[in-house]
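Remarks on the structure that follows.
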Amino acid sequence: MPKQTLPSGALKISGQITFDLVPFNTSTNGLNYSAITPTSARGVTVEAVDAAGALLSCGVTDSNGEYEVSVAPNTDVRIRARAEMVSDSVPSWEVKVLDNTSSSALYAITGGIASSGSTDSTRNLNAVSGWGGSGYTSTRAAAPFAILDPIYDAIQKIVAVDPNVVLPTADFNWSTRNRAANGNRANGDIATSSYVGNGQLFILGNANQDTDEYDRHVVTHEWGHYFEDQLSRSDSMGGPHLTDERLDPRIAMGEGFGNAIAGIVMDDPFYRDSSGNQQSAGFAINVETNNPTGWYDEATVQSVIYDLYDINNDGNDNITLGFGPIYETLTATDYKQQPLFTTIYSFLAELKSQQPSSAALIETMAAARGINSTSADGVGETNSGSITSSLPVYKQVAVNGGAVQVCSVNDNGVFNKLGNRAFLAFTAASAGAHTLTMTRSSGASSRDPDFILYKNGTVIRRAESAAGESDTATLNLTAGAHVIDAYDFFNLGLGSSASGDSCYNFTVTR
C-alpha cells in the first residue's frame with residue numbers, strides 16, 4: 001500500500017511490541033504455561049494505518065521491541081505489527097511467518113482505532129499466547145512472533161561477522177493445523193517441521209500432538225538447513241534420523257550442523273523439543289557432549305562443531321574459535337564448490353586451511369571423537385562403524401583401470417544410513433565421452449544397481465534404470481574430479497521390494 005505524505009507538524013506514536021513467550025519446563029522438556037512472559041518482538045515491521053487500512057507510516061522495532069511512527073494530527077489510526085523482519089539495505093534480509101493453510105497470509109496483530117489527537121502518544125501491543133489454563137482457547141497470536149525471535153538472534157550472529165551479508169527470503173509456514181501427517185501442506189499435512197528448499201520452511205503447530213513455535217532450537221535447526229542451502233552447501237538427502245544411528249555422512253553433517261547452529265545461536269547447548277498432550281512432554285539433547293562415535297553420527301558432528309565455537313573447554317575440547325571461522329568455512333567458495341561431498345571431513349579440512357594455527361587442536365579433538373582422518377576425503381579412516389564396506393570412504397576408480405568393488409547393505413536400516421550408499425571418486429584427465437558401469441558381483445540376482453554422478457556438487461547424470469544385473473551411462477564429461485553415489489535402489493526403502501546386501505563392480509572407461 002502506498003504511504004501517505006505527512007503534513008508538517010506530524011505527531012509521533014511510539015510504544016513497545018511484545019509477544020507471550022512460553023518457556024520450557026526443564027524437568028520435563030515440555031512447555032511451562034505457568035511462566036508465560038511478555039517478550040520484546042525485535043526487528044518486526046510496525047505500521048500505522050487509517051480506518052480504511054491505508055498505510056500512513058511504518059517503522060521497525062529495536063532490540064527492546066520499541067517502535068516509533070509519524071502520523072498527522074487528529075487522524076484515526078491503528079497500529080499493526082506484522083510477523084516479518086525486513087531489511088532492504090545491506091546487510092539485508094526478509095523473514096516472514098505465513099499461514100500455509102490460508103493462502104500464505106502473513107500473520108499480524110492489530111490494535112484498536114483511535115485518534116492521533118494533538119500530541120505525541122504511546123500505544124503498546126502484545127501478541128497473546130491464547131492459552132486458557134488447560135488448553136488453547138483463543139487465537140494463538142504470539143506463535144508467529146515466537147518463531148521470528150530466535151531468527152532475529154541468528155541474523156544478528158551473522159551480521160556480527162559479515163556486515164555485508166545478503167540473506168535471501170525465508171518464509172516460515174506455520175498454522176495451528178500443521179501436523180505430523182503426510183499429504184497436502186496447504187491442508188497442514190507437513191509431516192514434520194522442516195526446510196523444503198527455495199527458502200521455504202514449515203513448522204508444526206498442532207496442539208496436543210506436536211507444536212514447535214516455542215521450540216527455539218527446533219526453529220533455528222530448520223533455519224540452519226536454509227542457511228546451508230542459501231549461503232553454504234549441503235549434500236544431505238534428508239529423511240529420518242536419530243542421534244544414535246549410523247548415518248550416511250552427508251546427512252550426519254547436515255543434521256549435526258543443524259543441532260550445533262541452534263546451540264550456537266542460542267548460546268545454549270541444550271536442544272529441547274516439546275510435544276504431547278498440553279505440550280507437556282519432550283526431550284533434550286546436550287550438543288556439547290563429547291560424543292566419540294564417529295564421522296557417521298550426527299551427535300559426533302554436532303559436538304565437534306559446537307565445541308569449536310564455545311568458550312567452555314573440557315576433555316578433548318581445548319579450542320575456542322567462535323562463530324566467525326565456522327561461518328567463513330561454510331561460506332567459502334572452496335567449500336561450496338568442492339568436488340567431494342559435504343561431510344565432517346570436508347568441513348574440518350576447509351576450517352584447518354583457514355585456521356592453520358589451530359589445525360593440531362582440531363585434529364586432536366576430532367580423533368578423540370572417532371574421526372580418524374585428517375583429509376577432506378577421509379583417507380586413512382579406520383572407524384568403519386561396523387560396516388566393512390564403508391571404508392575407504394571414497395573408493396578411487398582409475399579411468400580405463402580395473403573394476404572397483406562397492407557394496408550396498410541394509411545393516412543400519414535404509415535410505416540414508418551408513419552402508420546404503422557407497423562413494424567413488426575419479427578424475428577425467430581430459431574432456432570427452434566416458435562410460436560408467438555398475439555390475440552386480442554378489443548378492444541376490446533380483447537387485448537394482450543405480451548411481452548418481454556429481455561434479456562440484458552438481459548432478460551430472462542419474463543412472464537409475466529398472467532392476468537388473470547392471471546399470472550404465474555414457475556421457476561427455478569435462479576434465480576434472482568427479483564423485484559418484486552408488487547404491488542398490490531397494491536399500492532406499494522407496495518401494496515394496498525388500499532391502500538386502502549386494503556388491504557391485506564399478507568401472508570408468510574412455
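Chain labels A, B, ... are given in the sequence in which chains occur in the C-alpha cells; within each chain residues are numbered consecutively from 1, and ligands are likewise numbered from 1 in the order shown.
Within 8 Å of Ser175 of chain A, once only C-alpha atoms are used and residues closer than 2 positions along the same chain are dropped, the contacting residues are Asp99, Asn100, Thr101, Asn173, Arg177, Asn178, Gly188, Ile203, Leu204, Gly205 and Asn206 of chain A.
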| field | Contacts of Asp244 of chain A within 9 Å, only C-alpha atoms, excl. fewer than 2 positions in-chain, as an MDAnalysis selection string | value | chainID A and resid 241:242 246 293 297:299
| field | Exercise: Ser357 of chain A partners within 12 Å, only C-alpha atoms, chain neighbours under 6 positions left out, as a count of residues only | value | 4
| Among the residues A:Ile109, A:Val414, A:Ala349, A:Val86, the one that comes closest to Asp171 of chain A [using only C-alpha atoms] | A:Val86
| task | Pick out the residues sitting within 9 Å of His434 of chain A, and hand them over as JSON, numbers by chain; count only C-alpha atoms, and ignore anything fewer than 3 positions along from it in its own chain. | result | {"A": [399, 428, 431, 473, 474, 475, 476, 477, 508, 509, 510]}
| Hey, which of A:Glu328, A:Glu464, A:Asp20, A:Glu68 ends up closest to Thr39 of chain A? Count only C-alpha atoms. | A:Asp20
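With distances restricted to only C-alpha atoms, A:Asn277 is the closest residue to Asp210 of chain A from A:Asn277, A:Asp485, A:Ile251, A:Ile155.
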| message | Env of segment 329-341 of chain A: 10 Å cut, atoms = only C-alpha atoms, seq-sep filter 2 positions within chain, self excluded. Answer as an MDAnalysis selection string. | response | chainID A and resid 227:228 230:236 249:250 324:327 343:355 376:377 394 423:425 454:458 480:485
Could you write out that same residue set with N, CA and C atoms as a short mmCIF file (atom, residue, chain, number, x, y, z; two decimals), in the first residue's frame?
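Below is the file again_6.cif, written as the result:
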data_model
loop_
_atom_site.label_atom_id
_atom_site.label_comp_id
_atom_site.auth_asym_id
_atom_site.auth_seq_id
_atom_site.Cartn_x
_atom_site.Cartn_y
_atom_site.Cartn_z
N PHE A 227 20.16 -21.97 5.84
CA PHE A 227 21.49 -21.37 5.73
C PHE A 227 22.37 -22.21 4.82
N GLU A 228 22.38 -23.53 5.02
CA GLU A 228 23.19 -24.41 4.18
C GLU A 228 22.81 -24.27 2.71
N GLN A 230 21.10 -21.78 1.15
CA GLN A 230 21.13 -20.46 0.55
C GLN A 230 22.50 -19.79 0.61
N LEU A 231 23.29 -20.06 1.64
CA LEU A 231 24.58 -19.40 1.79
C LEU A 231 25.75 -20.37 1.72
N SER A 232 25.52 -21.64 1.96
CA SER A 232 26.59 -22.62 2.00
C SER A 232 26.26 -23.75 1.04
N ARG A 233 26.41 -24.96 1.47
CA ARG A 233 26.09 -26.12 0.64
C ARG A 233 25.82 -27.30 1.54
N SER A 234 24.88 -28.13 1.14
CA SER A 234 24.63 -29.39 1.82
C SER A 234 24.29 -30.44 0.78
N ASP A 235 24.87 -31.61 0.93
CA ASP A 235 24.57 -32.74 0.05
C ASP A 235 23.69 -33.78 0.73
N SER A 236 23.13 -33.43 1.89
CA SER A 236 22.27 -34.35 2.62
C SER A 236 21.02 -34.69 1.81
N PRO A 249 27.29 -40.11 5.87
CA PRO A 249 28.00 -38.97 6.44
C PRO A 249 27.48 -37.61 5.96
N ARG A 250 26.77 -37.58 4.84
CA ARG A 250 26.22 -36.30 4.36
C ARG A 250 25.05 -35.85 5.23
N GLY A 324 32.82 -16.80 13.85
CA GLY A 324 33.38 -16.29 12.61
C GLY A 324 34.06 -17.33 11.75
N PRO A 325 35.04 -18.11 12.26
CA PRO A 325 35.70 -19.11 11.43
C PRO A 325 34.75 -20.19 10.91
N ILE A 326 33.74 -20.56 11.70
CA ILE A 326 32.77 -21.55 11.25
C ILE A 326 31.98 -20.99 10.08
N TYR A 327 31.51 -19.76 10.22
CA TYR A 327 30.76 -19.10 9.14
C TYR A 327 31.62 -18.97 7.89
N THR A 343 30.79 -33.38 4.11
CA THR A 343 30.84 -34.26 5.28
C THR A 343 31.65 -33.54 6.36
N ILE A 344 31.74 -34.13 7.52
CA ILE A 344 32.55 -33.54 8.58
C ILE A 344 34.02 -33.49 8.14
N TYR A 345 34.44 -34.41 7.30
CA TYR A 345 35.82 -34.38 6.80
C TYR A 345 36.09 -33.12 6.00
N SER A 346 35.23 -32.83 5.02
CA SER A 346 35.48 -31.68 4.16
C SER A 346 35.32 -30.37 4.92
N PHE A 347 34.41 -30.35 5.90
CA PHE A 347 34.26 -29.15 6.73
C PHE A 347 35.54 -28.89 7.53
N LEU A 348 36.05 -29.91 8.20
CA LEU A 348 37.25 -29.72 9.02
C LEU A 348 38.47 -29.41 8.16
N ALA A 349 38.54 -29.99 6.98
CA ALA A 349 39.69 -29.71 6.10
C ALA A 349 39.70 -28.24 5.68
N GLU A 350 38.53 -27.71 5.32
CA GLU A 350 38.46 -26.30 4.95
C GLU A 350 38.73 -25.40 6.14
N LEU A 351 38.20 -25.77 7.31
CA LEU A 351 38.44 -24.99 8.52
C LEU A 351 39.94 -24.93 8.83
N LYS A 352 40.62 -26.05 8.73
CA LYS A 352 42.06 -26.08 9.03
C LYS A 352 42.85 -25.26 8.02
N SER A 353 42.39 -25.24 6.77
CA SER A 353 43.11 -24.45 5.78
C SER A 353 42.99 -22.96 6.09
N GLN A 354 41.89 -22.56 6.72
CA GLN A 354 41.70 -21.16 7.08
C GLN A 354 42.27 -20.83 8.46
N GLN A 355 42.40 -21.83 9.31
CA GLN A 355 42.91 -21.63 10.67
C GLN A 355 44.11 -22.56 10.92
N ALA A 376 40.18 -34.19 3.56
CA ALA A 376 38.80 -33.90 3.15
C ALA A 376 38.07 -35.13 2.63
N ASP A 377 38.81 -36.12 2.13
CA ASP A 377 38.17 -37.31 1.57
C ASP A 377 38.19 -38.51 2.50
N TYR A 394 35.94 -42.99 0.25
CA TYR A 394 35.83 -42.87 -1.21
C TYR A 394 36.66 -43.97 -1.85
N PHE A 423 30.59 -44.31 -1.91
CA PHE A 423 31.16 -43.17 -2.63
C PHE A 423 32.33 -43.64 -3.48
N LEU A 424 32.39 -43.15 -4.70
CA LEU A 424 33.53 -43.38 -5.57
C LEU A 424 34.04 -42.05 -6.07
N ALA A 425 35.31 -42.00 -6.44
CA ALA A 425 35.90 -40.78 -6.98
C ALA A 425 36.82 -41.13 -8.14
N TYR A 454 28.32 -36.76 -9.86
CA TYR A 454 28.37 -35.35 -9.48
C TYR A 454 29.71 -34.73 -9.89
N LYS A 455 29.65 -33.41 -10.13
CA LYS A 455 30.88 -32.63 -10.24
C LYS A 455 30.67 -31.32 -9.48
N ASN A 456 31.52 -31.11 -8.48
CA ASN A 456 31.46 -29.90 -7.65
C ASN A 456 30.07 -29.65 -7.07
N GLY A 457 29.42 -30.73 -6.66
CA GLY A 457 28.12 -30.62 -6.01
C GLY A 457 26.94 -30.61 -6.94
N THR A 458 27.16 -30.62 -8.23
CA THR A 458 26.08 -30.59 -9.22
C THR A 458 25.87 -31.98 -9.82
N GLY A 480 38.45 -33.02 -14.96
CA GLY A 480 38.43 -32.72 -13.54
C GLY A 480 37.89 -33.84 -12.68
N ALA A 481 37.81 -33.55 -11.38
CA ALA A 481 37.39 -34.55 -10.39
C ALA A 481 35.88 -34.74 -10.40
N HIS A 482 35.47 -35.98 -10.25
CA HIS A 482 34.06 -36.34 -10.15
C HIS A 482 33.86 -37.30 -8.99
N VAL A 483 32.66 -37.31 -8.43
CA VAL A 483 32.32 -38.28 -7.39
C VAL A 483 31.00 -38.95 -7.74
N ILE A 484 30.82 -40.13 -7.19
CA ILE A 484 29.67 -40.97 -7.51
C ILE A 484 29.03 -41.47 -6.22
N ASP A 485 27.72 -41.44 -6.20
CA ASP A 485 26.91 -42.04 -5.13
C ASP A 485 26.29 -43.30 -5.74
#
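Distance check against Thr211 of chain A using only C-alpha atoms: of A:Asn187, A:Gln156, A:Gln279, A:Asn286, the minimum falls on A:Gln279.
Taking atom CA of Leu125 of chain A and atom CA of Asp273 of chain A as endpoints, the distance between them is 28.3 Å.
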| request: Can you list, as a PyMOL selection string, all residues belonging to segment 81-180 of chain A that DSSP tags as helix (DSSP H, G or I)? | output: chain A and resi 142-161
Show me, as a short mmCIF file (atom, residue, chain, number, x, y, z; two decimals) with N, CA and C atoms, in the first residue's frame, the residues that have an atom within 7 Å of Asn316 of chain A when counting only C-alpha atoms, minus same-chain residues fewer than 2 positions from it.
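Full text of around12.cif as output:
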data_model
loop_
_atom_site.label_atom_id
_atom_site.label_comp_id
_atom_site.auth_asym_id
_atom_site.auth_seq_id
_atom_site.Cartn_x
_atom_site.Cartn_y
_atom_site.Cartn_z
N ASP A 314 36.66 -28.46 27.61
CA ASP A 314 36.60 -29.59 28.54
C ASP A 314 37.01 -30.86 27.81
N ASN A 318 39.87 -28.34 23.55
CA ASN A 318 40.79 -27.32 24.03
C ASN A 318 40.92 -26.18 23.03
N MET A 365 40.90 -33.10 18.72
CA MET A 365 39.51 -33.23 19.15
C MET A 365 38.75 -34.19 18.25
N ALA A 368 39.61 -37.86 18.91
CA ALA A 368 39.02 -38.34 20.17
C ALA A 368 37.55 -38.66 20.01
#
| DSSP strand (DSSP E) selection over segment 3-86 of chain A, as a ChimeraX atom specification | /A:11-21,24-25,30-31,37-40,45-49,55-60,66-71,76-82,84-86
Generate a file of the selected residues that holds N, CA and C atoms, formatted as a short mmCIF file (atom, residue, chain, number, x, y, z; two decimals), in the first residue's frame.
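After the write, part15.cif holds the following:
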data_model
loop_
_atom_site.label_atom_id
_atom_site.label_comp_id
_atom_site.auth_asym_id
_atom_site.auth_seq_id
_atom_site.Cartn_x
_atom_site.Cartn_y
_atom_site.Cartn_z
N LEU A 11 2.75 14.07 14.23
CA LEU A 11 2.92 13.59 15.60
C LEU A 11 3.60 12.22 15.61
N LYS A 12 4.16 11.89 16.74
CA LYS A 12 4.79 10.59 16.91
C LYS A 12 3.91 9.68 17.77
N ILE A 13 3.75 8.47 17.27
CA ILE A 13 3.17 7.40 18.10
C ILE A 13 4.29 6.41 18.35
N SER A 14 4.54 6.10 19.59
CA SER A 14 5.60 5.17 19.94
C SER A 14 5.06 4.15 20.93
N GLY A 15 5.84 3.13 21.17
CA GLY A 15 5.42 2.11 22.12
C GLY A 15 6.28 0.87 22.01
N GLN A 16 5.79 -0.22 22.53
CA GLN A 16 6.52 -1.48 22.52
C GLN A 16 5.63 -2.60 22.00
N ILE A 17 6.20 -3.44 21.16
CA ILE A 17 5.52 -4.64 20.66
C ILE A 17 6.10 -5.84 21.40
N THR A 18 5.23 -6.63 22.00
CA THR A 18 5.67 -7.81 22.73
C THR A 18 4.85 -9.03 22.32
N PHE A 19 5.32 -10.18 22.70
CA PHE A 19 4.56 -11.42 22.49
C PHE A 19 4.72 -12.29 23.71
N ASP A 20 3.76 -13.15 23.95
CA ASP A 20 3.82 -14.09 25.08
C ASP A 20 4.77 -15.23 24.75
N LEU A 21 5.88 -15.28 25.46
CA LEU A 21 6.83 -16.38 25.28
C LEU A 21 6.53 -17.47 26.30
N PHE A 24 10.35 -23.38 28.55
CA PHE A 24 10.36 -24.81 28.84
C PHE A 24 10.34 -25.08 30.33
N ASN A 25 9.74 -26.19 30.69
CA ASN A 25 9.94 -26.80 31.99
C ASN A 25 11.13 -27.74 31.81
N GLY A 30 8.83 -30.19 28.50
CA GLY A 30 7.60 -29.69 27.94
C GLY A 30 7.49 -28.19 28.18
N LEU A 31 6.43 -27.58 27.66
CA LEU A 31 6.25 -26.14 27.83
C LEU A 31 5.67 -25.83 29.21
N THR A 37 5.84 -15.20 29.68
CA THR A 37 6.48 -13.91 29.89
C THR A 37 6.33 -13.04 28.65
N PRO A 38 5.79 -11.82 28.78
CA PRO A 38 5.79 -10.89 27.64
C PRO A 38 7.23 -10.58 27.24
N THR A 39 7.55 -10.78 25.97
CA THR A 39 8.91 -10.67 25.47
C THR A 39 8.96 -9.73 24.27
N SER A 40 10.01 -8.95 24.17
CA SER A 40 10.13 -7.97 23.09
C SER A 40 10.10 -8.65 21.72
N THR A 45 8.22 -5.38 11.58
CA THR A 45 7.63 -4.21 10.93
C THR A 45 6.41 -3.74 11.70
N VAL A 46 6.33 -2.43 11.94
CA VAL A 46 5.17 -1.82 12.60
C VAL A 46 4.59 -0.77 11.66
N GLU A 47 3.29 -0.80 11.49
CA GLU A 47 2.62 0.12 10.57
C GLU A 47 1.55 0.93 11.30
N ALA A 48 1.42 2.17 10.89
CA ALA A 48 0.28 2.99 11.28
C ALA A 48 -0.66 3.02 10.08
N VAL A 49 -1.89 2.59 10.26
CA VAL A 49 -2.86 2.55 9.16
C VAL A 49 -4.11 3.30 9.57
N LEU A 55 -1.94 2.64 4.45
CA LEU A 55 -0.71 2.81 5.20
C LEU A 55 -0.36 4.29 5.35
N LEU A 56 -0.18 4.72 6.59
CA LEU A 56 0.20 6.10 6.87
C LEU A 56 1.71 6.22 7.05
N SER A 57 2.31 5.34 7.82
CA SER A 57 3.76 5.33 8.01
C SER A 57 4.15 3.99 8.61
N CYS A 58 5.43 3.72 8.60
CA CYS A 58 5.88 2.44 9.13
C CYS A 58 7.23 2.59 9.80
N GLY A 59 7.58 1.59 10.60
CA GLY A 59 8.85 1.57 11.30
C GLY A 59 9.23 0.14 11.63
N VAL A 60 10.32 0.00 12.35
CA VAL A 60 10.82 -1.31 12.75
C VAL A 60 11.15 -1.28 14.23
N GLU A 66 10.78 -1.75 20.83
CA GLU A 66 10.21 -0.40 20.80
C GLU A 66 10.19 0.15 19.37
N TYR A 67 9.16 0.92 19.06
CA TYR A 67 8.98 1.46 17.73
C TYR A 67 8.56 2.92 17.80
N GLU A 68 8.59 3.57 16.65
CA GLU A 68 8.12 4.95 16.54
C GLU A 68 7.65 5.18 15.11
N VAL A 69 6.44 5.72 14.96
CA VAL A 69 5.91 6.08 13.64
C VAL A 69 5.37 7.50 13.71
N SER A 70 5.25 8.13 12.57
CA SER A 70 4.74 9.50 12.50
C SER A 70 3.40 9.52 11.79
N VAL A 71 2.47 10.32 12.30
CA VAL A 71 1.13 10.43 11.71
C VAL A 71 0.67 11.87 11.78
N ASP A 76 -7.69 9.26 12.59
CA ASP A 76 -7.99 7.94 13.13
C ASP A 76 -6.90 6.96 12.68
N VAL A 77 -6.26 6.34 13.67
CA VAL A 77 -5.09 5.49 13.41
C VAL A 77 -5.19 4.21 14.22
N ARG A 78 -4.73 3.14 13.62
CA ARG A 78 -4.49 1.91 14.39
C ARG A 78 -3.06 1.46 14.11
N ILE A 79 -2.48 0.76 15.08
CA ILE A 79 -1.12 0.23 14.96
C ILE A 79 -1.19 -1.25 14.63
N ARG A 80 -0.38 -1.65 13.65
CA ARG A 80 -0.35 -3.06 13.23
C ARG A 80 1.10 -3.54 13.24
N ALA A 81 1.33 -4.66 13.88
CA ALA A 81 2.66 -5.29 13.88
C ALA A 81 2.60 -6.53 13.01
N ARG A 82 3.46 -6.58 12.03
CA ARG A 82 3.48 -7.69 11.07
C ARG A 82 4.53 -8.73 11.49
N GLU A 84 7.02 -10.20 10.46
CA GLU A 84 8.07 -10.20 9.46
C GLU A 84 9.23 -9.36 9.95
N MET A 85 10.41 -9.68 9.47
CA MET A 85 11.62 -8.88 9.69
C MET A 85 12.22 -8.60 8.33
N VAL A 86 12.37 -7.33 8.00
CA VAL A 86 12.84 -6.96 6.67
C VAL A 86 13.89 -5.87 6.78
#
| query | Which residues, written as a ChimeraX atom specification, have at least one atom at most 7 Å from Phe506 of chain A, with only C-alpha atoms counted and residues fewer than 4 positions away on the same chain left out? | reply | /A:403-405,437-439
Can you write out the residues you just picked, keeping C-alpha atoms, as a PDB file, in the first residue's frame?
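And here's result_36.pdb as it stands now:
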ATOM      1  CA  ALA A 403      36.945 -52.711 -11.600  1.00  0.00           C
ATOM      2  CA  VAL A 404      36.453 -51.393  -8.056  1.00  0.00           C
ATOM      3  CA  GLN A 405      34.049 -53.180  -5.745  1.00  0.00           C
ATOM      4  CA  THR A 437      29.243 -49.209 -15.488  1.00  0.00           C
ATOM      5  CA  MET A 438      27.979 -50.796 -12.268  1.00  0.00           C
ATOM      6  CA  THR A 439      27.519 -54.591 -12.381  1.00  0.00           C
TER       7      THR A 439
END
